[in-house]
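Novice: This one is coords.pdb, PDB, C-alpha atoms, pLDDT in the B column.
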ATOM      1  CA  MET A  25    -152.132  63.233 183.405  1.00 77.00           C
ATOM      2  CA  VAL A  26    -149.494  61.457 181.338  1.00 84.00           C
ATOM      3  CA  ARG A  27    -146.817  63.801 182.646  1.00 85.00           C
ATOM      4  CA  GLU A  28    -147.881  63.204 186.246  1.00 84.00           C
ATOM      5  CA  ARG A  29    -147.715  59.462 185.686  1.00 82.00           C
ATOM      6  CA  GLU A  30    -144.147  59.877 184.431  1.00 79.00           C
ATOM      7  CA  GLY A  31    -143.193  61.888 187.520  1.00 82.00           C
ATOM      8  CA  ARG A  32    -143.183  65.283 185.782  1.00 84.00           C
ATOM      9  CA  GLU A  33    -144.898  68.553 186.584  1.00 85.00           C
ATOM     10  CA  THR A  34    -148.298  69.176 185.034  1.00 89.00           C
ATOM     11  CA  GLU A  35    -147.115  72.108 182.930  1.00 91.00           C
ATOM     12  CA  PRO A  36    -143.935  71.763 180.850  1.00 92.00           C
ATOM     13  CA  THR A  37    -141.154  74.343 181.045  1.00 92.00           C
ATOM     14  CA  ALA A  38    -139.392  73.505 177.769  1.00 94.00           C
ATOM     15  CA  GLY A  39    -140.330  72.310 174.312  1.00 95.00           C
ATOM     16  CA  ILE A  40    -138.888  71.101 171.015  1.00 96.00           C
ATOM     17  CA  ILE A  41    -140.033  72.418 167.635  1.00 96.00           C
ATOM     18  CA  ASP A  42    -139.691  70.725 164.257  1.00 95.00           C
ATOM     19  CA  ALA A  43    -141.464  70.362 160.912  1.00 96.00           C
ATOM     20  CA  GLN A  44    -142.474  67.320 158.845  1.00 96.00           C
ATOM     21  CA  SER A  45    -143.359  67.390 155.154  1.00 96.00           C
ATOM     22  CA  VAL A  46    -145.878  64.830 153.876  1.00 96.00           C
ATOM     23  CA  ARG A  47    -147.402  64.144 150.499  1.00 96.00           C
ATOM     24  CA  ALA A  48    -150.929  65.350 149.850  1.00 95.00           C
ATOM     25  CA  ALA A  49    -153.758  63.416 148.264  1.00 95.00           C
ATOM     26  CA  ALA A  50    -155.723  64.597 145.265  1.00 93.00           C
ATOM     27  CA  SER A  51    -158.469  65.882 147.579  1.00 91.00           C
ATOM     28  CA  VAL A  52    -156.144  68.593 148.934  1.00 95.00           C
ATOM     29  CA  PRO A  53    -156.751  71.884 147.075  1.00 95.00           C
ATOM     30  CA  ALA A  54    -153.883  73.627 145.332  1.00 93.00           C
ATOM     31  CA  ALA A  55    -154.274  76.728 147.507  1.00 93.00           C
ATOM     32  CA  SER A  56    -153.151  74.858 150.644  1.00 94.00           C
ATOM     33  CA  ARG A  57    -150.417  72.673 149.167  1.00 95.00           C
ATOM     34  CA  GLY A  58    -146.911  73.340 147.910  1.00 96.00           C
ATOM     35  CA  TYR A  59    -143.524  71.818 147.166  1.00 96.00           C
ATOM     36  CA  ASP A  60    -140.752  71.391 149.734  1.00 95.00           C
ATOM     37  CA  GLY A  61    -137.607  71.840 147.664  1.00 93.00           C
ATOM     38  CA  GLY A  62    -135.296  70.689 150.440  1.00 91.00           C
ATOM     39  CA  LYS A  63    -137.002  67.340 151.015  1.00 91.00           C
ATOM     40  CA  LYS A  64    -138.448  66.986 147.499  1.00 94.00           C
ATOM     41  CA  VAL A  65    -141.950  66.444 148.856  1.00 95.00           C
ATOM     42  CA  PRO A  66    -145.105  67.922 147.260  1.00 96.00           C
ATOM     43  CA  GLY A  67    -147.919  68.437 149.730  1.00 96.00           C
ATOM     44  CA  ARG A  68    -148.202  69.970 153.180  1.00 97.00           C
ATOM     45  CA  LYS A  69    -145.949  70.592 156.162  1.00 97.00           C
ATOM     46  CA  ARG A  70    -146.712  69.858 159.804  1.00 97.00           C
ATOM     47  CA  HIS A  71    -145.158  72.205 162.347  1.00 97.00           C
ATOM     48  CA  ILE A  72    -145.274  70.697 165.831  1.00 97.00           C
ATOM     49  CA  VAL A  73    -143.979  71.509 169.297  1.00 97.00           C
ATOM     50  CA  THR A  74    -143.624  68.776 171.894  1.00 95.00           C
ATOM     51  CA  ASP A  75    -142.519  68.598 175.490  1.00 93.00           C
ATOM     52  CA  CYS A  76    -139.525  66.586 176.680  1.00 92.00           C
ATOM     53  CA  LEU A  77    -141.657  63.406 176.700  1.00 91.00           C
ATOM     54  CA  GLY A  78    -142.676  63.800 173.075  1.00 91.00           C
ATOM     55  CA  LEU A  79    -146.271  64.806 173.877  1.00 93.00           C
ATOM     56  CA  LEU A  80    -147.874  67.234 171.471  1.00 95.00           C
ATOM     57  CA  LEU A  81    -148.261  70.829 172.652  1.00 96.00           C
ATOM     58  CA  VAL A  82    -148.936  72.843 169.476  1.00 96.00           C
ATOM     59  CA  VAL A  83    -149.531  71.860 165.852  1.00 97.00           C
ATOM     60  CA  ALA A  84    -149.994  73.900 162.690  1.00 97.00           C
ATOM     61  CA  VAL A  85    -150.406  72.627 159.116  1.00 97.00           C
ATOM     62  CA  THR A  86    -149.305  74.766 156.172  1.00 97.00           C
ATOM     63  CA  ALA A  87    -148.327  74.305 152.560  1.00 97.00           C
ATOM     64  CA  ALA A  88    -145.029  72.485 152.114  1.00 96.00           C
ATOM     65  CA  ASN A  89    -143.339  75.504 150.543  1.00 96.00           C
ATOM     66  CA  ILE A  90    -143.695  77.629 153.701  1.00 96.00           C
ATOM     67  CA  PRO A  91    -140.246  77.990 155.363  1.00 94.00           C
ATOM     68  CA  ASP A  92    -139.850  76.659 158.880  1.00 94.00           C
ATOM     69  CA  ARG A  93    -138.802  80.062 160.232  1.00 94.00           C
ATOM     70  CA  ASP A  94    -141.896  81.804 158.854  1.00 95.00           C
ATOM     71  CA  ALA A  95    -144.303  79.245 160.279  1.00 95.00           C
ATOM     72  CA  ALA A  96    -142.446  79.165 163.615  1.00 96.00           C
ATOM     73  CA  ILE A  97    -143.505  82.760 164.361  1.00 96.00           C
ATOM     74  CA  GLY A  98    -147.146  81.775 164.686  1.00 95.00           C
ATOM     75  CA  VAL A  99    -146.396  78.399 166.261  1.00 96.00           C
ATOM     76  CA  LEU A 100    -144.167  79.815 168.995  1.00 96.00           C
ATOM     77  CA  GLY A 101    -146.627  82.618 169.663  1.00 95.00           C
ATOM     78  CA  ARG A 102    -149.390  80.081 170.157  1.00 96.00           C
ATOM     79  CA  LEU A 103    -147.088  78.026 172.364  1.00 95.00           C
ATOM     80  CA  ARG A 104    -146.448  80.935 174.722  1.00 94.00           C
ATOM     81  CA  SER A 105    -150.153  81.810 174.898  1.00 94.00           C
ATOM     82  CA  LEU A 106    -151.143  78.238 175.799  1.00 94.00           C
ATOM     83  CA  HIS A 107    -148.188  77.307 178.027  1.00 94.00           C
ATOM     84  CA  HIS A 108    -146.962  80.347 179.932  1.00 92.00           C
ATOM     85  CA  GLU A 109    -144.302  78.461 181.887  1.00 93.00           C
ATOM     86  CA  ILE A 110    -142.308  77.452 178.817  1.00 94.00           C
ATOM     87  CA  THR A 111    -139.217  79.649 178.532  1.00 94.00           C
ATOM     88  CA  LEU A 112    -136.906  77.367 176.519  1.00 95.00           C
ATOM     89  CA  ALA A 113    -137.284  75.655 173.167  1.00 95.00           C
ATOM     90  CA  TRP A 114    -134.879  73.554 171.137  1.00 95.00           C
ATOM     91  CA  ALA A 115    -134.780  73.548 167.338  1.00 94.00           C
ATOM     92  CA  ASP A 116    -132.643  72.402 164.428  1.00 91.00           C
ATOM     93  CA  GLY A 117    -130.556  74.492 162.047  1.00 89.00           C
ATOM     94  CA  GLY A 118    -133.579  75.432 159.950  1.00 90.00           C
ATOM     95  CA  TYR A 119    -134.670  77.915 162.610  1.00 94.00           C
ATOM     96  CA  THR A 120    -131.470  79.959 162.755  1.00 92.00           C
ATOM     97  CA  GLY A 121    -131.322  83.644 161.910  1.00 90.00           C
ATOM     98  CA  GLY A 122    -133.490  86.468 163.152  1.00 93.00           C
ATOM     99  CA  LEU A 123    -136.043  84.090 164.657  1.00 95.00           C
ATOM    100  CA  VAL A 124    -133.825  83.534 167.700  1.00 95.00           C
ATOM    101  CA  ASP A 125    -133.662  87.258 168.505  1.00 95.00           C
ATOM    102  CA  TRP A 126    -137.363  87.752 167.715  1.00 95.00           C
ATOM    103  CA  ALA A 127    -138.392  84.965 170.102  1.00 95.00           C
ATOM    104  CA  LYS A 128    -136.263  86.443 172.862  1.00 95.00           C
ATOM    105  CA  GLU A 129    -137.543  89.992 172.420  1.00 95.00           C
ATOM    106  CA  LYS A 130    -141.217  89.398 171.629  1.00 94.00           C
ATOM    107  CA  LEU A 131    -141.983  86.188 173.495  1.00 95.00           C
ATOM    108  CA  ASP A 132    -139.290  86.117 176.200  1.00 94.00           C
ATOM    109  CA  LEU A 133    -138.471  82.630 174.881  1.00 95.00           C
ATOM    110  CA  THR A 134    -134.952  81.245 174.546  1.00 95.00           C
ATOM    111  CA  LEU A 135    -134.646  79.374 171.255  1.00 95.00           C
ATOM    112  CA  GLN A 136    -131.605  77.105 171.415  1.00 93.00           C
ATOM    113  CA  ILE A 137    -130.350  75.662 168.122  1.00 92.00           C
ATOM    114  CA  VAL A 138    -129.045  72.076 168.205  1.00 89.00           C
ATOM    115  CA  LYS A 139    -126.837  71.663 165.148  1.00 83.00           C
ATOM    116  CA  ARG A 140    -125.185  68.683 163.591  1.00 75.00           C
ATOM    117  CA  THR A 141    -121.397  69.100 163.546  1.00 71.00           C
ATOM    118  CA  ASP A 142    -119.333  68.537 160.412  1.00 65.00           C
ATOM    119  CA  ASP A 143    -117.353  65.636 161.887  1.00 68.00           C
ATOM    120  CA  MET A 144    -120.480  63.497 162.357  1.00 66.00           C
ATOM    121  CA  GLU A 145    -120.884  60.633 159.889  1.00 69.00           C
ATOM    122  CA  GLY A 146    -123.952  58.496 159.350  1.00 65.00           C
ATOM    123  CA  PHE A 147    -126.885  58.390 161.718  1.00 64.00           C
ATOM    124  CA  VAL A 148    -126.287  60.213 164.996  1.00 70.00           C
ATOM    125  CA  VAL A 149    -128.841  60.811 167.750  1.00 74.00           C
ATOM    126  CA  LEU A 150    -128.794  64.548 168.477  1.00 79.00           C
ATOM    127  CA  PRO A 151    -129.650  65.829 171.966  1.00 79.00           C
ATOM    128  CA  ARG A 152    -133.268  66.931 172.428  1.00 87.00           C
ATOM    129  CA  ARG A 153    -134.028  66.833 168.704  1.00 89.00           C
ATOM    130  CA  TRP A 154    -134.621  63.089 168.728  1.00 90.00           C
ATOM    131  CA  VAL A 155    -137.680  63.579 170.938  1.00 92.00           C
ATOM    132  CA  VAL A 156    -139.689  65.584 168.405  1.00 94.00           C
ATOM    133  CA  GLU A 157    -138.406  63.417 165.544  1.00 92.00           C
ATOM    134  CA  ARG A 158    -139.751  60.376 167.371  1.00 93.00           C
ATOM    135  CA  THR A 159    -143.120  62.106 167.642  1.00 95.00           C
ATOM    136  CA  CYS A 160    -143.090  62.671 163.877  1.00 95.00           C
ATOM    137  CA  ALA A 161    -142.481  58.946 163.462  1.00 94.00           C
ATOM    138  CA  TRP A 162    -145.410  58.211 165.788  1.00 94.00           C
ATOM    139  CA  LEU A 163    -147.679  60.281 163.577  1.00 95.00           C
ATOM    140  CA  MET A 164    -146.661  58.328 160.497  1.00 94.00           C
ATOM    141  CA  HIS A 165    -147.805  55.115 162.209  1.00 92.00           C
ATOM    142  CA  SER A 166    -151.402  56.316 161.828  1.00 92.00           C
ATOM    143  CA  ARG A 167    -152.886  55.307 158.495  1.00 90.00           C
ATOM    144  CA  ARG A 168    -154.771  58.572 158.093  1.00 91.00           C
ATOM    145  CA  LEU A 169    -151.555  60.533 158.642  1.00 94.00           C
ATOM    146  CA  ALA A 170    -149.300  58.616 156.249  1.00 93.00           C
ATOM    147  CA  ARG A 171    -150.226  61.386 153.815  1.00 93.00           C
ATOM    148  CA  ASP A 172    -152.543  64.365 154.030  1.00 96.00           C
ATOM    149  CA  TYR A 173    -156.083  63.544 152.878  1.00 95.00           C
ATOM    150  CA  GLN A 174    -157.933  66.487 154.460  1.00 95.00           C
ATOM    151  CA  THR A 175    -159.323  69.378 152.448  1.00 94.00           C
ATOM    152  CA  LEU A 176    -158.799  71.942 155.205  1.00 96.00           C
ATOM    153  CA  PRO A 177    -155.545  72.382 157.149  1.00 96.00           C
ATOM    154  CA  ALA A 178    -157.619  72.670 160.342  1.00 96.00           C
ATOM    155  CA  ALA A 179    -158.980  69.170 159.711  1.00 96.00           C
ATOM    156  CA  SER A 180    -155.416  67.879 159.342  1.00 96.00           C
ATOM    157  CA  GLU A 181    -154.498  69.446 162.668  1.00 96.00           C
ATOM    158  CA  ALA A 182    -157.515  67.760 164.267  1.00 96.00           C
ATOM    159  CA  MET A 183    -156.421  64.367 162.921  1.00 96.00           C
ATOM    160  CA  ILE A 184    -152.952  64.880 164.391  1.00 96.00           C
ATOM    161  CA  ARG A 185    -154.424  65.724 167.794  1.00 96.00           C
ATOM    162  CA  ARG A 186    -156.652  62.660 167.583  1.00 95.00           C
ATOM    163  CA  SER A 187    -153.685  60.412 166.890  1.00 94.00           C
ATOM    164  CA  MET A 188    -151.798  61.800 169.883  1.00 94.00           C
ATOM    165  CA  ILE A 189    -154.845  61.407 172.141  1.00 93.00           C
ATOM    166  CA  THR A 190    -154.991  57.740 171.176  1.00 91.00           C
ATOM    167  CA  ARG A 191    -151.313  57.290 171.967  1.00 90.00           C
ATOM    168  CA  MET A 192    -151.633  59.030 175.321  1.00 89.00           C
ATOM    169  CA  GLY A 193    -154.595  56.828 176.212  1.00 89.00           C
ATOM    170  CA  ARG A 194    -152.545  53.714 175.479  1.00 87.00           C
ATOM    171  CA  ARG A 195    -149.729  55.143 177.542  1.00 84.00           C
ATOM    172  CA  LEU A 196    -152.027  55.620 180.525  1.00 86.00           C
ATOM    173  CA  ALA A 197    -153.425  52.100 180.202  1.00 85.00           C
ATOM    174  CA  ARG A 198    -149.943  50.571 180.084  1.00 78.00           C
ATOM    175  CA  PRO A 199    -149.115  48.532 183.217  1.00 76.00           C
ATOM    176  CA  ARG A 200    -146.700  50.118 185.640  1.00 69.00           C
ATOM    177  CA  ALA A 201    -143.386  48.586 186.645  1.00 63.00           C
ATOM    178  CA  GLY A 202    -144.859  47.424 189.964  1.00 60.00           C
ATOM    179  CA  GLY A 203    -147.721  45.649 188.243  1.00 55.00           C
ATOM    180  CA  GLN A 204    -150.273  48.411 188.919  1.00 55.00           C
ATOM    181  CA  THR A 205    -152.476  49.786 186.174  1.00 51.00           C
ATOM    182  CA  LEU A 206    -154.567  52.896 185.901  1.00 50.00           C
ATOM    183  CA  ASN A 207    -157.876  52.639 187.755  1.00 50.00           C
ATOM    184  CA  ILE A 208    -160.383  52.699 184.894  1.00 47.00           C
ATOM    185  CA  PRO A 209    -164.072  51.807 185.443  1.00 46.00           C
ATOM    186  CA  ASP A 210    -165.404  48.673 183.821  1.00 47.00           C
ATOM    187  CA  ALA A 211    -166.184  49.247 180.168  1.00 44.00           C
ATOM    188  CA  SER A 212    -169.891  49.171 179.387  1.00 46.00           C
ATOM    189  CA  TRP A 213    -169.382  48.179 175.763  1.00 41.00           C
ATOM    190  CA  THR A 214    -169.028  44.524 176.755  1.00 43.00           C
ATOM    191  CA  ASN A 215    -172.751  44.451 177.607  1.00 49.00           C
ATOM    192  CA  HIS A 216    -173.749  45.877 174.262  1.00 47.00           C
ATOM    193  CA  PRO A 217    -175.712  43.433 172.050  1.00 48.00           C
ATOM    194  CA  ARG A 218    -173.653  44.334 168.987  1.00 47.00           C
ATOM    195  CA  SER A 219    -170.370  43.506 170.724  1.00 41.00           C
ATOM    196  CA  ALA A 220    -171.864  40.214 171.924  1.00 42.00           C
ATOM    197  CA  ARG A 221    -172.934  39.347 168.388  1.00 41.00           C
ATOM    198  CA  ARG A 222    -169.475  40.215 167.097  1.00 41.00           C
ATOM    199  CA  PHE A 223    -167.848  38.011 169.734  1.00 37.00           C
ATOM    200  CA  ALA A 224    -170.202  35.129 168.891  1.00 40.00           C
ATOM    201  CA  PHE A 225    -169.489  35.586 165.191  1.00 37.00           C
ATOM    202  CA  ASP A 226    -165.740  35.489 165.793  1.00 43.00           C
ATOM    203  CA  ARG A 227    -166.066  32.232 167.724  1.00 41.00           C
ATOM    204  CA  THR A 228    -168.401  30.555 165.217  1.00 43.00           C
ATOM    205  CA  PRO A 229    -166.661  28.899 162.247  1.00 46.00           C
ATOM    206  CA  SER A 230    -167.831  30.141 158.896  1.00 45.00           C
ATOM    207  CA  ARG A 231    -169.668  27.979 156.382  1.00 49.00           C
ATOM    208  CA  ALA A 232    -166.811  28.276 153.938  1.00 48.00           C
ATOM    209  CA  SER A 233    -164.322  26.889 156.438  1.00 48.00           C
ATOM    210  CA  ALA A 234    -166.685  24.029 157.340  1.00 52.00           C
ATOM    211  CA  SER A 235    -167.268  23.068 153.701  1.00 55.00           C
ATOM    212  CA  SER A 236    -163.544  23.217 152.962  1.00 54.00           C
ATOM    213  CA  SER A 237    -162.868  20.933 155.918  1.00 54.00           C
ATOM    214  CA  ARG A 238    -165.399  18.381 154.634  1.00 59.00           C
ATOM    215  CA  ALA A 239    -163.843  18.530 151.161  1.00 58.00           C
ATOM    216  CA  ILE A 240    -160.384  17.874 152.580  1.00 56.00           C
ATOM    217  CA  THR A 241    -161.738  14.931 154.579  1.00 58.00           C
ATOM    218  CA  ARG A 242    -163.392  13.368 151.497  1.00 62.00           C
ATOM    219  CA  ARG A 243    -160.209  13.834 149.458  1.00 61.00           C
ATOM    220  CA  SER A 244    -158.103  12.178 152.145  1.00 58.00           C
ATOM    221  CA  SER A 245    -160.525   9.245 152.285  1.00 61.00           C
ATOM    222  CA  SER A 246    -160.385   8.751 148.514  1.00 60.00           C
ATOM    223  CA  ILE A 247    -156.597   8.859 148.501  1.00 55.00           C
ATOM    224  CA  SER A 248    -156.450   6.275 151.305  1.00 57.00           C
ATOM    225  CA  ALA A 249    -158.872   3.977 149.450  1.00 59.00           C
ATOM    226  CA  ALA A 250    -156.865   4.253 146.227  1.00 55.00           C
ATOM    227  CA  SER A 251    -153.587   3.487 147.973  1.00 54.00           C
ATOM    228  CA  SER A 252    -155.042   0.422 149.743  1.00 56.00           C
ATOM    229  CA  ALA A 253    -156.458  -0.935 146.461  1.00 52.00           C
TER     230      ALA A 253
END
Render the structure in this file as structure tokens.
Specialist:
Amino acid sequence: MVREREGRETEPTAGIIDAQSVRAAASVPAASRGYDGGKKVPGRKRHIVTDCLGLLLVVAVTAANIPDRDAAIGVLGRLRSLHHEITLAWADGGYTGGLVDWAKEKLDLTLQIVKRTDDMEGFVVLPRRWVVERTCAWLMHSRRLARDYQTLPAASEAMIRRSMITRMGRRLARPRAGGQTLNIPDASWTNHPRSARRFAFDRTPSRASASSSRAITRRSSSISAASSA
């Protein structure tokens, strides 16, 4: 639905794969956590595939010490089973090697590596790779995804999907350029007694604020009387 609103086909034909290492909380068991020596991050690693709009297609959570190439075998296999029309995927230099030939032979998937050249200095936006990196940044905006708190990797994957569902819902509710919005039925929560009580509570000043206002008024009166005397 989001793709149709953006003028794209329903099913994507290309994707971008990347991995993100995050720190793990104390509730994460040692069996499902590790240490990413490249990024110096102890915890877990999120392997995601997005379409060209940055929408999540596949996610897998592993220990941080699992190499990107090893995890990509299962991730790309799941991608082809869920989205049959995808025949092209972009990746960074961490996915070079035999994975490119394996994807072409086993999955009939062209894995194109987008590398950073040696003459680049500082921050440079790389073609296609910036899309999935932006999605990783979107995930970090969620408080529950700032680090991994879940005991099971499957629960972490569910939290990632939930975050992306929330973002896609906001994207659908965003007004169009012509001033049109998505036709959504009237929300029934406004008639709920609890929401009405919350609204009334928000509009009613608290006792603490009222007492503080009276104290300020009395203090101002005493100062005025002292100055006139």
Novice: Looking at only C-alpha atoms, which of A:Ala49, A:Val155, A:Ile90, A:Ile41 is the one that sits closest to Gln136 (chain A)?
Specialist: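 Closest residue, counting only C-alpha atoms: A:Ile41.
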Novice: Give me the box for region 179-189 of chain A as JSON, namely the centre and edge lengths in Å to one decimal of a box along x, y and z that holds every listed atom plus 4 Å on each side.
Specialist:
{"center_x": -155.4, "center_y": 64.9, "center_z": 165.7, "size_x": 15.2, "size_y": 17.0, "size_z": 20.8}
Novice: Can you tell me how far CA of Glu30 (chain A) sits from CA of Val85 (chain A), in Å to one decimal?
Specialist: 29.0 Å
Novice: Using all atoms listed in the file, give me every residue within 10 Å of (-145.5, 71.8, 165.8) in file coordinates, as an MDAnalysis selection string.
Specialist: chainID A and resid 39:44 69:74 80:85 95:96 99:100 103 156 160 181
Novice: Please produce an output containing C-alpha atoms for each residue in the selection, written as a PDB file, in the coordinates of the input.
Specialist:
ATOM      1  CA  GLY A  39    -140.330  72.310 174.312  1.00 95.00           C
ATOM      2  CA  ILE A  40    -138.888  71.101 171.015  1.00 96.00           C
ATOM      3  CA  ILE A  41    -140.033  72.418 167.635  1.00 96.00           C
ATOM      4  CA  ASP A  42    -139.691  70.725 164.257  1.00 95.00           C
ATOM      5  CA  ALA A  43    -141.464  70.362 160.912  1.00 96.00           C
ATOM      6  CA  GLN A  44    -142.474  67.320 158.845  1.00 96.00           C
ATOM      7  CA  LYS A  69    -145.949  70.592 156.162  1.00 97.00           C
ATOM      8  CA  ARG A  70    -146.712  69.858 159.804  1.00 97.00           C
ATOM      9  CA  HIS A  71    -145.158  72.205 162.347  1.00 97.00           C
ATOM     10  CA  ILE A  72    -145.274  70.697 165.831  1.00 97.00           C
ATOM     11  CA  VAL A  73    -143.979  71.509 169.297  1.00 97.00           C
ATOM     12  CA  THR A  74    -143.624  68.776 171.894  1.00 95.00           C
ATOM     13  CA  LEU A  80    -147.874  67.234 171.471  1.00 95.00           C
ATOM     14  CA  LEU A  81    -148.261  70.829 172.652  1.00 96.00           C
ATOM     15  CA  VAL A  82    -148.936  72.843 169.476  1.00 96.00           C
ATOM     16  CA  VAL A  83    -149.531  71.860 165.852  1.00 97.00           C
ATOM     17  CA  ALA A  84    -149.994  73.900 162.690  1.00 97.00           C
ATOM     18  CA  VAL A  85    -150.406  72.627 159.116  1.00 97.00           C
ATOM     19  CA  ALA A  95    -144.303  79.245 160.279  1.00 95.00           C
ATOM     20  CA  ALA A  96    -142.446  79.165 163.615  1.00 96.00           C
ATOM     21  CA  VAL A  99    -146.396  78.399 166.261  1.00 96.00           C
ATOM     22  CA  LEU A 100    -144.167  79.815 168.995  1.00 96.00           C
ATOM     23  CA  LEU A 103    -147.088  78.026 172.364  1.00 95.00           C
ATOM     24  CA  VAL A 156    -139.689  65.584 168.405  1.00 94.00           C
ATOM     25  CA  CYS A 160    -143.090  62.671 163.877  1.00 95.00           C
ATOM     26  CA  GLU A 181    -154.498  69.446 162.668  1.00 96.00           C
TER      27      GLU A 181
END
Novice: To one decimal place, how far is CA of Leu131 (chain A) from CA of Asp60 (chain A) in Å?
Specialist: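 These two atoms are separated by 28.0 Å.
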Novice: Applying 12 Å and only C-alpha atoms, which residues near Arg32 (chain A) remain after dropping the ones on its own chain fewer than 4 positions away? List them as a list in words.
Specialist: Met25, Val26, Arg27, Glu28, Pro36, Thr37, Asp75, Cys76 and Leu77 of chain A
Novice: In Å, how far is it from CA of Glu129 (chain A) to CA of Asp92 (chain A)?
Specialist: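 That distance, rounded to one decimal, is 19.1 Å.
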Novice: Which neighbours of region 116-121 of chain A fall inside 6 Å, counting all atoms listed in the file, when residues of the same chain fewer than 5 positions from it are skipped, and could you give them as a compact mmCIF listing (two decimals) with C-alpha atoms, in the coordinates of the input?
Specialist:
# COMPACT_ATOMS: atom_id res chain seq x y z
CA ARG A 93 -138.80 80.06 160.23
CA ILE A 137 -130.35 75.66 168.12
CA VAL A 138 -129.04 72.08 168.20
CA LYS A 139 -126.84 71.66 165.15
Novice: For Arg68 (chain A), which residue out of A:Arg29, A:Arg140, A:Arg47, A:Arg185 is the nearest one, using only C-alpha atoms?
Specialist: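 The answer is A:Arg47, which sits nearest to Arg68 (chain A).
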Novice: Taking (-156.0, 57.3, 156.7) in the file's own coordinates, collect the residues within 12 Å, counting only C-alpha atoms, and hand them back as a VMD selection string.
Specialist: chain A and resid 48 to 49 163 to 174 180 183 to 184 187
Novice: Using all atoms listed in the file, determine which residues lie at most 10 Å from Tyr59 (chain A), disregarding the query and same-chain residues fewer than 4 positions distant; provide the list as a list in words.
Specialist: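 Residues near the query, excluding close chain neighbours: Ser45, Val46, Arg47, Lys63, Lys64, Val65, Pro66, Gly67, Arg68, Lys69, Ala87, Ala88, Asn89 and Ile90 of chain A.
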Novice: Tell me which of A:Glu33, A:Thr190, A:Thr86, A:Pro91 sits closest to Gly61 (chain A), counting all atoms listed in the file.
Specialist: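 Closest candidate: A:Pro91.
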Novice: Kindly write region 169-184 of chain A with N, CA and C atoms to a file, as a PDB file, in the first residue's frame.
Specialist:
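The new file decode_7.pdb reads:
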ATOM      1  N   LEU A 169      14.467  -0.080  20.440  1.00  0.00           N
ATOM      2  CA  LEU A 169      15.465  -0.617  19.527  1.00  0.00           C
ATOM      3  C   LEU A 169      16.810   0.087  19.654  1.00  0.00           C
ATOM      4  N   ALA A 170      16.929   1.032  20.597  1.00  0.00           N
ATOM      5  CA  ALA A 170      18.214   1.693  20.788  1.00  0.00           C
ATOM      6  C   ALA A 170      19.287   0.694  21.211  1.00  0.00           C
ATOM      7  N   ARG A 171      18.873  -0.344  21.917  1.00  0.00           N
ATOM      8  CA  ARG A 171      19.693  -1.517  22.192  1.00  0.00           C
ATOM      9  C   ARG A 171      18.769  -2.712  22.271  1.00  0.00           C
ATOM     10  N   ASP A 172      19.327  -3.895  22.283  1.00  0.00           N
ATOM     11  CA  ASP A 172      18.514  -5.107  22.259  1.00  0.00           C
ATOM     12  C   ASP A 172      18.178  -5.523  23.684  1.00  0.00           C
ATOM     13  N   TYR A 173      16.892  -5.520  24.025  1.00  0.00           N
ATOM     14  CA  TYR A 173      16.432  -5.900  25.353  1.00  0.00           C
ATOM     15  C   TYR A 173      15.770  -7.275  25.369  1.00  0.00           C
ATOM     16  N   GLN A 174      15.531  -7.883  24.213  1.00  0.00           N
ATOM     17  CA  GLN A 174      14.728  -9.093  24.134  1.00  0.00           C
ATOM     18  C   GLN A 174      15.569 -10.334  24.442  1.00  0.00           C
ATOM     19  N   THR A 175      14.934 -11.290  25.112  1.00  0.00           N
ATOM     20  CA  THR A 175      15.624 -12.537  25.426  1.00  0.00           C
ATOM     21  C   THR A 175      15.813 -13.402  24.188  1.00  0.00           C
ATOM     22  N   LEU A 176      14.799 -13.475  23.349  1.00  0.00           N
ATOM     23  CA  LEU A 176      14.851 -14.299  22.148  1.00  0.00           C
ATOM     24  C   LEU A 176      15.120 -13.440  20.919  1.00  0.00           C
ATOM     25  N   PRO A 177      15.938 -13.915  19.984  1.00  0.00           N
ATOM     26  CA  PRO A 177      16.134 -13.166  18.737  1.00  0.00           C
ATOM     27  C   PRO A 177      14.840 -12.981  17.952  1.00  0.00           C
ATOM     28  N   ALA A 178      13.927 -13.952  18.032  1.00  0.00           N
ATOM     29  CA  ALA A 178      12.644 -13.815  17.331  1.00  0.00           C
ATOM     30  C   ALA A 178      11.835 -12.641  17.877  1.00  0.00           C
ATOM     31  N   ALA A 179      11.933 -12.397  19.180  1.00  0.00           N
ATOM     32  CA  ALA A 179      11.241 -11.246  19.767  1.00  0.00           C
ATOM     33  C   ALA A 179      11.861  -9.937  19.278  1.00  0.00           C
ATOM     34  N   SER A 180      13.170  -9.914  19.095  1.00  0.00           N
ATOM     35  CA  SER A 180      13.824  -8.724  18.553  1.00  0.00           C
ATOM     36  C   SER A 180      13.375  -8.465  17.121  1.00  0.00           C
ATOM     37  N   GLU A 181      13.248  -9.507  16.335  1.00  0.00           N
ATOM     38  CA  GLU A 181      12.757  -9.347  14.970  1.00  0.00           C
ATOM     39  C   GLU A 181      11.333  -8.803  14.953  1.00  0.00           C
ATOM     40  N   ALA A 182      10.502  -9.270  15.892  1.00  0.00           N
ATOM     41  CA  ALA A 182       9.128  -8.781  15.978  1.00  0.00           C
ATOM     42  C   ALA A 182       9.093  -7.299  16.340  1.00  0.00           C
ATOM     43  N   MET A 183       9.980  -6.858  17.214  1.00  0.00           N
ATOM     44  CA  MET A 183      10.022  -5.443  17.585  1.00  0.00           C
ATOM     45  C   MET A 183      10.453  -4.577  16.408  1.00  0.00           C
ATOM     46  N   ILE A 184      11.350  -5.096  15.579  1.00  0.00           N
ATOM     47  CA  ILE A 184      11.781  -4.355  14.394  1.00  0.00           C
ATOM     48  C   ILE A 184      10.624  -4.227  13.405  1.00  0.00           C
TER      49      ILE A 184
END
